[in-house]
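Coordinates from input.txt are shown below (compact mmCIF, N, CA and C atoms).
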# COMPACT_ATOMS: atom_id res chain seq x y z
N MET A 1267 1.53 11.85 -13.64
CA MET A 1267 0.52 10.89 -14.02
C MET A 1267 0.20 11.08 -15.50
N PRO A 1268 -0.22 10.05 -16.15
CA PRO A 1268 -0.57 10.18 -17.57
C PRO A 1268 -1.73 11.16 -17.77
N ALA A 1269 -1.73 11.83 -18.89
CA ALA A 1269 -2.80 12.77 -19.21
C ALA A 1269 -4.13 12.05 -19.41
N SER A 1270 -4.10 10.75 -19.61
CA SER A 1270 -5.32 9.99 -19.90
C SER A 1270 -6.18 9.71 -18.66
N VAL A 1271 -5.72 10.10 -17.47
CA VAL A 1271 -6.49 9.86 -16.25
C VAL A 1271 -7.73 10.74 -16.26
N HIS A 1272 -8.88 10.10 -16.10
CA HIS A 1272 -10.16 10.81 -16.04
C HIS A 1272 -10.90 10.36 -14.80
N LEU A 1273 -11.63 11.27 -14.20
CA LEU A 1273 -12.36 10.97 -12.98
C LEU A 1273 -13.85 11.22 -13.13
N GLY A 1274 -14.62 10.41 -12.46
CA GLY A 1274 -16.06 10.63 -12.38
C GLY A 1274 -16.79 10.46 -13.69
N GLU A 1275 -18.09 10.65 -13.61
CA GLU A 1275 -18.97 10.48 -14.75
C GLU A 1275 -18.70 11.50 -15.85
N LEU A 1276 -18.27 12.69 -15.47
CA LEU A 1276 -18.03 13.74 -16.45
C LEU A 1276 -16.66 13.61 -17.11
N GLY A 1277 -15.83 12.72 -16.57
CA GLY A 1277 -14.52 12.50 -17.16
C GLY A 1277 -13.54 13.63 -16.96
N ALA A 1278 -13.65 14.33 -15.84
CA ALA A 1278 -12.73 15.43 -15.56
C ALA A 1278 -11.30 14.93 -15.50
N GLN A 1279 -10.39 15.75 -16.00
CA GLN A 1279 -8.97 15.44 -15.94
C GLN A 1279 -8.35 16.29 -14.84
N PRO A 1280 -7.98 15.68 -13.72
CA PRO A 1280 -7.37 16.46 -12.65
C PRO A 1280 -5.98 16.94 -13.04
N ASP A 1281 -5.62 18.11 -12.56
CA ASP A 1281 -4.27 18.62 -12.76
C ASP A 1281 -3.32 18.02 -11.72
N PHE A 1282 -3.83 17.86 -10.50
CA PHE A 1282 -3.04 17.30 -9.42
C PHE A 1282 -3.89 16.29 -8.65
N ILE A 1283 -3.26 15.21 -8.20
CA ILE A 1283 -3.88 14.27 -7.27
C ILE A 1283 -2.98 14.22 -6.05
N ILE A 1284 -3.56 14.55 -4.90
CA ILE A 1284 -2.82 14.54 -3.66
C ILE A 1284 -3.08 13.22 -2.95
N GLY A 1285 -2.03 12.46 -2.72
CA GLY A 1285 -2.17 11.16 -2.08
C GLY A 1285 -1.68 11.16 -0.65
N ASP A 1286 -2.56 10.71 0.25
CA ASP A 1286 -2.19 10.58 1.66
C ASP A 1286 -2.55 9.20 2.20
N ARG A 1287 -2.63 8.23 1.30
CA ARG A 1287 -2.98 6.85 1.66
C ARG A 1287 -4.29 6.82 2.44
N PHE A 1288 -5.26 7.60 1.94
CA PHE A 1288 -6.59 7.69 2.54
C PHE A 1288 -6.52 8.08 4.02
N GLY A 1289 -5.67 9.07 4.29
CA GLY A 1289 -5.56 9.62 5.64
C GLY A 1289 -4.60 8.92 6.57
N THR A 1290 -3.90 7.91 6.08
CA THR A 1290 -3.00 7.18 6.97
C THR A 1290 -1.57 7.72 6.96
N SER A 1291 -1.20 8.53 5.97
CA SER A 1291 0.18 9.03 5.92
C SER A 1291 0.30 10.52 6.22
N ALA A 1292 -0.81 11.20 6.35
CA ALA A 1292 -0.82 12.63 6.70
C ALA A 1292 -2.20 12.96 7.27
N THR A 1293 -2.25 14.03 8.04
CA THR A 1293 -3.53 14.43 8.60
C THR A 1293 -4.43 15.00 7.51
N ALA A 1294 -5.72 14.93 7.76
CA ALA A 1294 -6.68 15.50 6.82
C ALA A 1294 -6.45 17.00 6.65
N ASP A 1295 -6.02 17.68 7.71
CA ASP A 1295 -5.76 19.12 7.64
C ASP A 1295 -4.62 19.44 6.67
N LEU A 1296 -3.55 18.66 6.72
CA LEU A 1296 -2.43 18.90 5.82
C LEU A 1296 -2.82 18.60 4.37
N THR A 1297 -3.54 17.51 4.19
CA THR A 1297 -4.00 17.17 2.84
C THR A 1297 -4.91 18.27 2.30
N ALA A 1298 -5.84 18.73 3.11
CA ALA A 1298 -6.74 19.80 2.69
C ALA A 1298 -5.98 21.09 2.38
N ALA A 1299 -4.99 21.42 3.20
CA ALA A 1299 -4.19 22.63 2.95
C ALA A 1299 -3.41 22.51 1.65
N THR A 1300 -2.89 21.33 1.37
CA THR A 1300 -2.15 21.12 0.13
C THR A 1300 -3.08 21.26 -1.07
N MET A 1301 -4.25 20.65 -0.98
CA MET A 1301 -5.22 20.75 -2.07
C MET A 1301 -5.66 22.20 -2.28
N GLU A 1302 -5.94 22.89 -1.19
CA GLU A 1302 -6.36 24.29 -1.27
C GLU A 1302 -5.29 25.16 -1.92
N THR A 1303 -4.05 24.89 -1.61
CA THR A 1303 -2.95 25.65 -2.18
C THR A 1303 -2.97 25.58 -3.70
N PHE A 1304 -3.11 24.38 -4.24
CA PHE A 1304 -3.14 24.23 -5.70
C PHE A 1304 -4.46 24.74 -6.29
N ARG A 1305 -5.56 24.56 -5.59
CA ARG A 1305 -6.85 25.10 -6.08
C ARG A 1305 -6.82 26.62 -6.15
N ASP A 1306 -6.19 27.24 -5.17
CA ASP A 1306 -6.07 28.71 -5.16
C ASP A 1306 -5.32 29.21 -6.39
N MET A 1307 -4.50 28.36 -6.96
CA MET A 1307 -3.74 28.71 -8.16
C MET A 1307 -4.53 28.41 -9.44
N GLY A 1308 -5.74 27.89 -9.27
CA GLY A 1308 -6.60 27.64 -10.41
C GLY A 1308 -6.56 26.23 -10.98
N TYR A 1309 -5.97 25.31 -10.24
CA TYR A 1309 -5.86 23.93 -10.72
C TYR A 1309 -7.02 23.08 -10.23
N LEU A 1310 -7.35 22.04 -11.00
CA LEU A 1310 -8.33 21.04 -10.59
C LEU A 1310 -7.59 19.99 -9.78
N VAL A 1311 -8.00 19.82 -8.53
CA VAL A 1311 -7.27 18.96 -7.60
C VAL A 1311 -8.23 17.97 -6.96
N THR A 1312 -7.76 16.74 -6.79
CA THR A 1312 -8.52 15.71 -6.10
C THR A 1312 -7.57 14.93 -5.21
N ALA A 1313 -8.12 14.01 -4.44
CA ALA A 1313 -7.28 13.24 -3.51
C ALA A 1313 -7.44 11.74 -3.70
N ASN A 1314 -6.32 11.06 -3.65
CA ASN A 1314 -6.21 9.61 -3.50
C ASN A 1314 -6.66 8.72 -4.65
N LYS A 1315 -7.51 9.14 -5.51
CA LYS A 1315 -7.96 8.26 -6.59
C LYS A 1315 -7.56 8.84 -7.93
N PRO A 1316 -6.84 8.10 -8.73
CA PRO A 1316 -6.40 6.71 -8.55
C PRO A 1316 -5.03 6.57 -7.91
N TYR A 1317 -4.44 7.65 -7.42
CA TYR A 1317 -3.09 7.58 -6.84
C TYR A 1317 -3.12 8.01 -5.38
N ALA A 1318 -3.10 7.03 -4.48
CA ALA A 1318 -3.18 7.32 -3.05
C ALA A 1318 -1.82 7.48 -2.40
N GLY A 1319 -0.78 7.17 -3.12
CA GLY A 1319 0.56 7.18 -2.56
C GLY A 1319 1.12 5.78 -2.59
N GLY A 1320 2.41 5.71 -2.61
CA GLY A 1320 3.07 4.41 -2.72
C GLY A 1320 3.93 4.10 -1.52
N PHE A 1321 5.06 3.47 -1.79
CA PHE A 1321 5.94 2.99 -0.74
C PHE A 1321 6.38 4.11 0.20
N ILE A 1322 6.78 5.24 -0.34
CA ILE A 1322 7.32 6.31 0.51
C ILE A 1322 6.26 6.84 1.47
N THR A 1323 5.06 7.11 0.97
CA THR A 1323 4.03 7.62 1.87
C THR A 1323 3.64 6.56 2.90
N GLU A 1324 3.55 5.31 2.48
CA GLU A 1324 3.19 4.23 3.40
C GLU A 1324 4.29 4.02 4.45
N HIS A 1325 5.53 4.06 4.00
CA HIS A 1325 6.65 3.74 4.89
C HIS A 1325 6.98 4.88 5.85
N TYR A 1326 6.93 6.12 5.37
CA TYR A 1326 7.37 7.25 6.18
C TYR A 1326 6.25 8.04 6.84
N GLY A 1327 5.06 7.98 6.32
CA GLY A 1327 3.96 8.75 6.89
C GLY A 1327 3.50 8.19 8.21
N ARG A 1328 3.73 8.95 9.26
CA ARG A 1328 3.31 8.57 10.61
C ARG A 1328 2.72 9.81 11.29
N PRO A 1329 1.53 10.22 10.84
CA PRO A 1329 1.00 11.49 11.35
C PRO A 1329 0.81 11.51 12.87
N ALA A 1330 0.55 10.38 13.48
CA ALA A 1330 0.40 10.37 14.94
C ALA A 1330 1.71 10.72 15.64
N ARG A 1331 2.81 10.55 14.93
CA ARG A 1331 4.14 10.89 15.47
C ARG A 1331 4.64 12.21 14.90
N GLY A 1332 3.82 12.91 14.14
CA GLY A 1332 4.22 14.19 13.56
C GLY A 1332 5.00 14.07 12.28
N LEU A 1333 5.00 12.89 11.67
CA LEU A 1333 5.69 12.67 10.40
C LEU A 1333 4.64 12.49 9.31
N HIS A 1334 4.50 13.50 8.48
CA HIS A 1334 3.47 13.50 7.45
C HIS A 1334 4.10 13.27 6.09
N ALA A 1335 3.47 12.45 5.27
CA ALA A 1335 3.96 12.20 3.92
C ALA A 1335 2.79 12.28 2.95
N ILE A 1336 2.96 13.11 1.93
CA ILE A 1336 1.95 13.19 0.88
C ILE A 1336 2.64 13.00 -0.46
N GLN A 1337 1.87 12.51 -1.39
CA GLN A 1337 2.35 12.33 -2.76
C GLN A 1337 1.60 13.33 -3.64
N ILE A 1338 2.32 14.02 -4.50
CA ILE A 1338 1.70 14.98 -5.40
C ILE A 1338 1.89 14.48 -6.83
N GLU A 1339 0.82 14.01 -7.43
CA GLU A 1339 0.83 13.55 -8.82
C GLU A 1339 0.47 14.73 -9.71
N VAL A 1340 1.23 14.94 -10.77
CA VAL A 1340 1.01 16.05 -11.69
C VAL A 1340 0.61 15.51 -13.05
N ASN A 1341 -0.46 16.03 -13.59
CA ASN A 1341 -0.92 15.63 -14.93
C ASN A 1341 0.13 16.03 -15.96
N ARG A 1342 0.65 15.06 -16.67
CA ARG A 1342 1.73 15.32 -17.64
C ARG A 1342 1.33 16.32 -18.72
N SER A 1343 0.04 16.38 -19.04
CA SER A 1343 -0.38 17.29 -20.10
C SER A 1343 -0.11 18.75 -19.76
N LEU A 1344 0.14 19.04 -18.48
CA LEU A 1344 0.46 20.40 -18.07
C LEU A 1344 1.87 20.81 -18.45
N TYR A 1345 2.76 19.84 -18.63
CA TYR A 1345 4.16 20.21 -18.83
C TYR A 1345 4.88 19.53 -19.98
N ILE A 1346 4.29 18.48 -20.58
CA ILE A 1346 5.01 17.78 -21.64
C ILE A 1346 4.03 17.17 -22.64
N ASP A 1347 4.43 17.10 -23.87
CA ASP A 1347 3.69 16.35 -24.87
C ASP A 1347 4.13 14.90 -24.69
N GLU A 1348 3.21 14.05 -24.32
CA GLU A 1348 3.57 12.67 -23.98
C GLU A 1348 4.09 11.86 -25.17
N HIS A 1349 3.78 12.28 -26.37
CA HIS A 1349 4.23 11.53 -27.55
C HIS A 1349 5.62 11.98 -28.00
N SER A 1350 5.84 13.28 -28.06
CA SER A 1350 7.13 13.79 -28.53
C SER A 1350 8.12 14.04 -27.39
N LEU A 1351 7.61 14.08 -26.16
CA LEU A 1351 8.40 14.39 -24.96
C LEU A 1351 9.01 15.80 -25.00
N VAL A 1352 8.35 16.69 -25.72
CA VAL A 1352 8.76 18.08 -25.80
C VAL A 1352 8.02 18.86 -24.71
N LYS A 1353 8.77 19.70 -23.98
CA LYS A 1353 8.15 20.53 -22.95
C LYS A 1353 7.08 21.42 -23.57
N ARG A 1354 5.99 21.57 -22.85
CA ARG A 1354 4.92 22.47 -23.28
C ARG A 1354 5.27 23.91 -22.92
N VAL A 1355 4.57 24.83 -23.57
CA VAL A 1355 4.79 26.26 -23.33
C VAL A 1355 4.60 26.60 -21.85
N GLY A 1356 3.68 25.93 -21.19
CA GLY A 1356 3.38 26.23 -19.78
C GLY A 1356 4.32 25.60 -18.77
N PHE A 1357 5.38 24.94 -19.23
CA PHE A 1357 6.29 24.24 -18.32
C PHE A 1357 6.86 25.16 -17.24
N ASP A 1358 7.39 26.29 -17.64
CA ASP A 1358 8.02 27.19 -16.67
C ASP A 1358 7.03 27.76 -15.67
N ALA A 1359 5.83 28.06 -16.13
CA ALA A 1359 4.80 28.57 -15.22
C ALA A 1359 4.40 27.50 -14.21
N LEU A 1360 4.26 26.26 -14.68
CA LEU A 1360 3.93 25.16 -13.77
C LEU A 1360 5.05 24.96 -12.75
N LYS A 1361 6.27 24.99 -13.23
CA LYS A 1361 7.43 24.85 -12.34
C LYS A 1361 7.40 25.92 -11.25
N ALA A 1362 7.11 27.14 -11.62
CA ALA A 1362 7.03 28.24 -10.65
C ALA A 1362 5.87 28.02 -9.68
N ASP A 1363 4.73 27.58 -10.19
CA ASP A 1363 3.58 27.32 -9.32
C ASP A 1363 3.88 26.22 -8.31
N ILE A 1364 4.52 25.15 -8.76
CA ILE A 1364 4.85 24.06 -7.84
C ILE A 1364 5.83 24.56 -6.78
N GLY A 1365 6.81 25.34 -7.18
CA GLY A 1365 7.75 25.91 -6.22
C GLY A 1365 7.04 26.79 -5.20
N SER A 1366 6.12 27.61 -5.66
CA SER A 1366 5.35 28.48 -4.76
C SER A 1366 4.49 27.65 -3.82
N ALA A 1367 3.88 26.61 -4.35
CA ALA A 1367 3.02 25.75 -3.52
C ALA A 1367 3.83 25.06 -2.43
N ILE A 1368 4.99 24.54 -2.80
CA ILE A 1368 5.84 23.87 -1.81
C ILE A 1368 6.28 24.86 -0.74
N ALA A 1369 6.63 26.07 -1.14
CA ALA A 1369 7.02 27.09 -0.17
C ALA A 1369 5.86 27.41 0.77
N ARG A 1370 4.67 27.54 0.21
CA ARG A 1370 3.49 27.86 1.03
C ARG A 1370 3.17 26.73 2.00
N ILE A 1371 3.22 25.50 1.52
CA ILE A 1371 2.93 24.35 2.37
C ILE A 1371 3.99 24.22 3.46
N SER A 1372 5.24 24.43 3.09
CA SER A 1372 6.35 24.33 4.05
C SER A 1372 6.27 25.40 5.13
N ALA A 1373 5.66 26.52 4.82
CA ALA A 1373 5.56 27.62 5.78
C ALA A 1373 4.37 27.49 6.73
N LEU A 1374 3.55 26.46 6.53
CA LEU A 1374 2.39 26.29 7.40
C LEU A 1374 2.83 26.09 8.84
N ASP A 1375 1.99 26.53 9.75
CA ASP A 1375 2.24 26.31 11.18
C ASP A 1375 2.01 24.83 11.45
N CYS A 1376 3.08 24.09 11.58
CA CYS A 1376 2.99 22.64 11.73
C CYS A 1376 2.36 22.21 13.04
N SER A 1377 2.23 23.12 13.99
CA SER A 1377 1.61 22.74 15.26
C SER A 1377 0.16 22.32 15.07
N ILE A 1378 -0.47 22.79 14.00
CA ILE A 1378 -1.85 22.39 13.76
C ILE A 1378 -1.95 20.95 13.26
N PHE A 1379 -0.81 20.36 12.90
CA PHE A 1379 -0.80 18.98 12.42
C PHE A 1379 -0.29 18.02 13.46
N GLY A 1380 -0.11 18.46 14.69
CA GLY A 1380 0.42 17.60 15.73
C GLY A 1380 1.89 17.90 15.94
N ALA A 1381 2.56 17.03 16.65
CA ALA A 1381 3.99 17.20 16.93
C ALA A 1381 4.76 17.32 15.63
N TYR A 1382 5.80 18.11 15.67
CA TYR A 1382 6.59 18.36 14.46
C TYR A 1382 8.00 17.85 14.68
N ASN A 1383 8.42 16.93 13.84
CA ASN A 1383 9.77 16.38 13.93
C ASN A 1383 10.59 16.88 12.78
N ILE A 1384 11.78 17.37 13.06
CA ILE A 1384 12.68 17.89 12.04
C ILE A 1384 13.30 16.77 11.23
N ALA A 1385 13.74 15.73 11.89
CA ALA A 1385 14.49 14.66 11.21
C ALA A 1385 13.56 13.56 10.75
N ALA A 1386 13.91 12.95 9.64
CA ALA A 1386 13.18 11.78 9.15
C ALA A 1386 13.66 10.55 9.90
N GLU A 1387 12.92 9.48 9.79
CA GLU A 1387 13.32 8.23 10.44
C GLU A 1387 14.60 7.71 9.83

Mind turning the file's structure into structure tokens?
Amino acid sequence: MPASVHLGELGAQPDFIIGDRFGTSATADLTAATMETFRDMGYLVTANKPYAGGFITEHYGRPARGLHAIQIEVNRSLYIDEHSLVKRVGFDALKADIGSAIARISALDCSIFGAYNIAAE
């Protein structure tokens, strides 16, 4: 997401926005666990506004059937200078954090999110 995204009256710039189409593409528990994962790493995280998810989350997210889809928007200012397109010093650390977050989320006990399906539609 562009670095220019600001939220609320204070104009906070979120580092990550987790989109679950307002609860229609993933359970609230999975969304909360995803947000907590990034917050535990020290990031400012919010959900759905202004990015709730697009075609993929809408099309594939079927939490009642055990198919969860979330969108993870990353603030570009964390990894690139938007004008020069040069990677920032923190690029590698962010890359490692995202990898760790995905591993942690993937290791969650999926039974708490309902039925778990291995294959996509």

Subject >> Interatomic distance, atom C of Gly1320 of chain A to atom N of Gly1332 of chain A (Å, one decimal) >> reply: 18.0 Å

Original post:
From the list A:Leu1273, A:Ile1283, A:Ala1298, A:Val1355, which residue is nearest Val1340 of chain A when using all atoms listed in the file?
Top reply: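 Closest residue, counting all atoms listed in the file: A:Ile1283.
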
**OP:** Extract the full set of helix (DSSP H, G or I) residues from segment 1273-1329 of chain A according to DSSP on the backbone, and format it as a VMD selection string.
**Re:** chain A and resid 1294 to 1306 1321 to 1326 1329

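Taking atom N of Tyr1345 of chain A and atom N of Asp1375 of chain A as endpoints, the distance between them is 29.2 Å.
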
Subject >> DSSP strand (DSSP E or B) residues within chain A, as a VMD selection string >> reply: chain A and resid 1273 1278 1282 to 1285 1311 to 1313 1328 1333 1337 to 1340 1346 1353

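Interatomic distance, atom N of Ala1362 of chain A to atom C of Asp1286 of chain A: 24.6 Å.
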
**OP:** Have a look at A:Arg1354, A:Leu1310, A:Arg1370, A:Ala1330 and name the one nearest to Thr1293 of chain A; count only N, CA and C atoms.
**Re:**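 Closest residue, counting only N, CA and C atoms: A:Ala1330.
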
Original post:
Taking only C-alpha atoms into account, which of A:Gly1319, A:Pro1329, A:Gly1356, A:Gly1308 comes nearest Pro1280 of chain A?
Top reply: A:Gly1308

Subject >> Test item: residues at most 8 Å from Val1311 of chain A, only N, CA and C atoms, excluding those fewer than 5 positions along its chain, as a PyMOL selection string >> reply: chain A and resi 1279-1284+1301-1302+1304-1305

Original post:
Using only N, CA and C atoms, which residues sit within 8 Å of Ile1322 of chain A once same-chain residues fewer than 5 positions away are excluded, as a PyMOL selection string?
Top reply: chain A and resi 1291+1327+1335-1337

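Residue nearest Asp1363 of chain A, chosen from A:Ala1292, A:Ala1278, A:Leu1344, A:Met1307 and counting only C-alpha atoms: A:Met1307.
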
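Nearest-residue note for Thr1312 of chain A: choosing from A:Glu1324, A:Thr1297, A:Ala1269, A:Leu1374, the minimum distance belongs to A:Thr1297, counting only C-alpha atoms.
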
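Proximity of A:Ser1372, A:Lys1361, A:Ile1338, A:Lys1353 to Pro1316 of chain A, computed with only C-alpha atoms, is greatest for A:Ile1338.
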
Original post:
If I put a ball of radius 6.5 Å at (-3.6, 8.4, -0.9) in the file's coordinates, which residues poke into it when counting all atoms listed in the file, written as a PyMOL selection string?
Top reply: chain A and resi 1284-1289+1313-1315+1317-1319

Residues from the last selection, N, CA and C atoms, saved as a tab-separated table (two decimals), keeping the file's coordinate frame:
chain	number	residue	atom	x	y	z
A	1284	ILE	N	-3.56	14.55	-4.90
A	1284	ILE	CA	-2.82	14.54	-3.66
A	1284	ILE	C	-3.08	13.22	-2.95
A	1285	GLY	N	-2.03	12.46	-2.72
A	1285	GLY	CA	-2.17	11.16	-2.08
A	1285	GLY	C	-1.68	11.16	-0.65
A	1286	ASP	N	-2.56	10.71	0.25
A	1286	ASP	CA	-2.19	10.58	1.66
A	1286	ASP	C	-2.55	9.20	2.20
A	1287	ARG	N	-2.63	8.23	1.30
A	1287	ARG	CA	-2.98	6.85	1.66
A	1287	ARG	C	-4.29	6.82	2.44
A	1288	PHE	N	-5.26	7.60	1.94
A	1288	PHE	CA	-6.59	7.69	2.54
A	1288	PHE	C	-6.52	8.08	4.02
A	1289	GLY	N	-5.67	9.07	4.29
A	1289	GLY	CA	-5.56	9.62	5.64
A	1289	GLY	C	-4.60	8.92	6.57
A	1313	ALA	N	-8.12	14.01	-4.44
A	1313	ALA	CA	-7.28	13.24	-3.51
A	1313	ALA	C	-7.44	11.74	-3.70
A	1314	ASN	N	-6.32	11.06	-3.65
A	1314	ASN	CA	-6.21	9.61	-3.50
A	1314	ASN	C	-6.66	8.72	-4.65
A	1315	LYS	N	-7.51	9.14	-5.51
A	1315	LYS	CA	-7.96	8.26	-6.59
A	1315	LYS	C	-7.56	8.84	-7.93
A	1317	TYR	N	-4.44	7.65	-7.42
A	1317	TYR	CA	-3.09	7.58	-6.84
A	1317	TYR	C	-3.12	8.01	-5.38
A	1318	ALA	N	-3.10	7.03	-4.48
A	1318	ALA	CA	-3.18	7.32	-3.05
A	1318	ALA	C	-1.82	7.48	-2.40
A	1319	GLY	N	-0.78	7.17	-3.12
A	1319	GLY	CA	0.56	7.18	-2.56
A	1319	GLY	C	1.12	5.78	-2.59
